[in-house]
Amino acid sequence: MADDLGSDIAALVSKNEQTILPEWIELQKKAGTLHTGRISEGELQSQSKNFLNLLRDALATGGSDVANAAYEPAKAMLGDLSRSRALQGFTPSETASFIFSLKRPLFNALNRDKALSAEQIAQTVWTTILLLDELGLYTLDIFQKSREEVIVRQQREIAELSTPVVKLWDGILALPLIGTLDSHRTQVVMENLLQTIVDVEAEIAIIDITGVPTVDTLTAQHLLKTVAAARLMGADCLISGIRPQIAQTMVHLGVELNVISKASLADAFAVALRQTGRTVTRTRKVETGSGPDRKTGGQGA
Amino acid sequence: MDRIPILKFGSALLVTIQVDMHDRLATALEEDLTAKIVEHNARGVLIDISALEIVDSFIGRMLDNIAAVSRILDADTVVVGMRPAVAITLVELGLSLTGVKTALNVERGMALIQGRLSESEADDADDED
């Protein structure tokens with residue numbers, strides 16, 4: 001029975017292809033598929049034509065059951081389309097309208113077919129609705145999955161980009177943290193830092209949190225873990241770049257860091273130089289500067 | 001049962017752990033070390049764990065204990081050469097060994113102990129004046 005309906009719909013589609021296709025494309029345009037200029041009209045036409053052909057073949061051989069193997073080519077094409085639209089930045093409803101706007105032209109074609117009885121039409125309509133809904137949901141599934149893949153990839157890239165360990169001086173490392181610190185990133189940061197401490201035999205590591213937007217108790221705990229691990233390796237940690245608002249929040253939350261913290265990376269670097277027994281001295285006067293010549297950095301070892 | 005050798009190095013004791021620690025070995029080390037500190041009147045204990053790949057909470061606590069015992073006997077404990085993975089494990093276990101001094105390698109650890117010694121000698125000299 002279902003298979004008969006499937007081939008009935010297939011026959012209907014092939015008979016009315018000349019009217020269904022333009023109607024369908026018109027409806028897709030109305031739904032705004034072309035508005036954003038992300039795909040061209042020609043592309044839309046070839047996609048629609050392709051899919052209609054694949055759908056007709058699938059209906060003819062596989063009936064109206066979407067799980068049937070005959071639907072694989074149609075599904076594969078939908079998957080590709082959905083994926084590429086997800087990457088192009090289409091909204092979910094714009095993507096799903098590709099399938100859902102096919103309903104109206106199909107029903108119109110059914111209505112025009114005077115040879116069918118009312119009961120036949122009702123049954124065919126129901127089968128078509130089920131079929132198209134299922135294909136629409138499939139489209140959305142793929143859309144969602146592609147978006148998630150994009151997000152995961154971006155997260156990985158951000159994690160890689162935002163955890164560099166910089167060597168400032170012999171034995172002095174800086175770790176400029178950017179972005180929110182969660183457990184996963186803390187792990188990456190910690191491993192990176194500790195390995196670099198071993199590699200360059202660093203005595204002091206400066207953790208700069210200028211780029212960390214908020215410091216709550218959890219972030220502070222992660223920071224402390226990193227500091228504790230570095231200390232176990234035999235390196236001292238300094239924390240720098242705590243912004244005024246963050247300092248206030250930390251005090252309000254009762255977060256205690258228990259490490260030397262400095263307002264800026266420059267200050268922390270000066271402390272690090274002093275602790276490793278170095279001073280920075282200006283060797284000549286700078287003409288443009290006003291005020292007395294001054295020494296920066298440590299006041300002596 | 002094999003034991004971990006404890007070497008006398010000036011007024012410090014040097015322990016290099018080169019085998020995987022099991023609990024009984026750790027306990028034996030703790031006892032031996034305490035006895036040696038008293039016997040040699042040592043002022044510093046240097047424990048090199050650069051070859052140690054696996055550390056559990058028991059070994060972590062043992063390090064803490066050794067440090068506490070040495071402190072009572074007026075010796076500084078320095079743990080050197082901890083591997084990154086070991087450091088992360090200890091922190092995750094909640095053992096940050098606050099009573100233990102750490103250094104990156106034996107050389108730096110020895111310098112730390114020597115520094116302490118000369119400091120206290122200077123203090124003694126001041127007291128005599």
# chains A, B, ... in the order shown; residues from 1 in each chain; ligands from 1
>>> interface_residues(of="chain A", to="chain B", cutoff="9 Å", atoms="only C-alpha atoms", output="PyMOL selection string")
chain A and resi 187+190-191+193-195+197-198+201-203+225-226+228-235
>>> select_by_dssp(residues="region 189-231 of chain A", states="strand (DSSP E or B)", output="PyMOL selection string")
chain A and resi 204-211
>>> write_last_selection(atoms="C-alpha atoms", output="PDB file, in the first residue's frame")
ATOM      1  CA  ILE A 204      60.054  32.576  37.930  1.00  0.00           C
ATOM      2  CA  ALA A 205      56.799  32.437  36.006  1.00  0.00           C
ATOM      3  CA  ILE A 206      54.578  35.483  35.673  1.00  0.00           C
ATOM      4  CA  ILE A 207      50.907  34.723  35.077  1.00  0.00           C
ATOM      5  CA  ASP A 208      49.322  37.770  33.485  1.00  0.00           C
ATOM      6  CA  ILE A 209      45.529  37.816  33.707  1.00  0.00           C
ATOM      7  CA  THR A 210      44.882  41.129  31.929  1.00  0.00           C
ATOM      8  CA  GLY A 211      42.863  39.208  29.323  1.00  0.00           C
TER       9      GLY A 211
END
>>> residues_around(residues="region 4-20 of chain B", least_positions_apart="3", cutoff="6 Å", atoms="only C-alpha atoms", output="mmCIF file with C-alpha atoms, in the first residue's frame")
data_model
loop_
_atom_site.group_PDB
_atom_site.id
_atom_site.type_symbol
_atom_site.label_atom_id
_atom_site.label_comp_id
_atom_site.auth_asym_id
_atom_site.auth_seq_id
_atom_site.Cartn_x
_atom_site.Cartn_y
_atom_site.Cartn_z
ATOM 1 C CA ALA B 42 72.582 17.455 58.971
ATOM 2 C CA ARG B 43 71.196 20.930 58.265
ATOM 3 C CA GLY B 44 69.606 20.178 54.929
ATOM 4 C CA VAL B 45 67.926 17.281 53.112
ATOM 5 C CA LEU B 46 67.795 17.186 49.342
ATOM 6 C CA ILE B 47 65.434 14.695 47.726
ATOM 7 C CA ASP B 48 65.801 14.236 43.985
ATOM 8 C CA ILE B 49 62.652 12.760 42.451
ATOM 9 C CA ALA B 51 63.274 9.739 38.022
#
>>> residues_around(residues="region 251-263 of chain A", least_positions_apart="3", cutoff="9 Å", atoms="only C-alpha atoms", output="PyMOL selection string")
chain A and resi 216-217+220-221+223-224+227+237-244+246-248+266-268+271
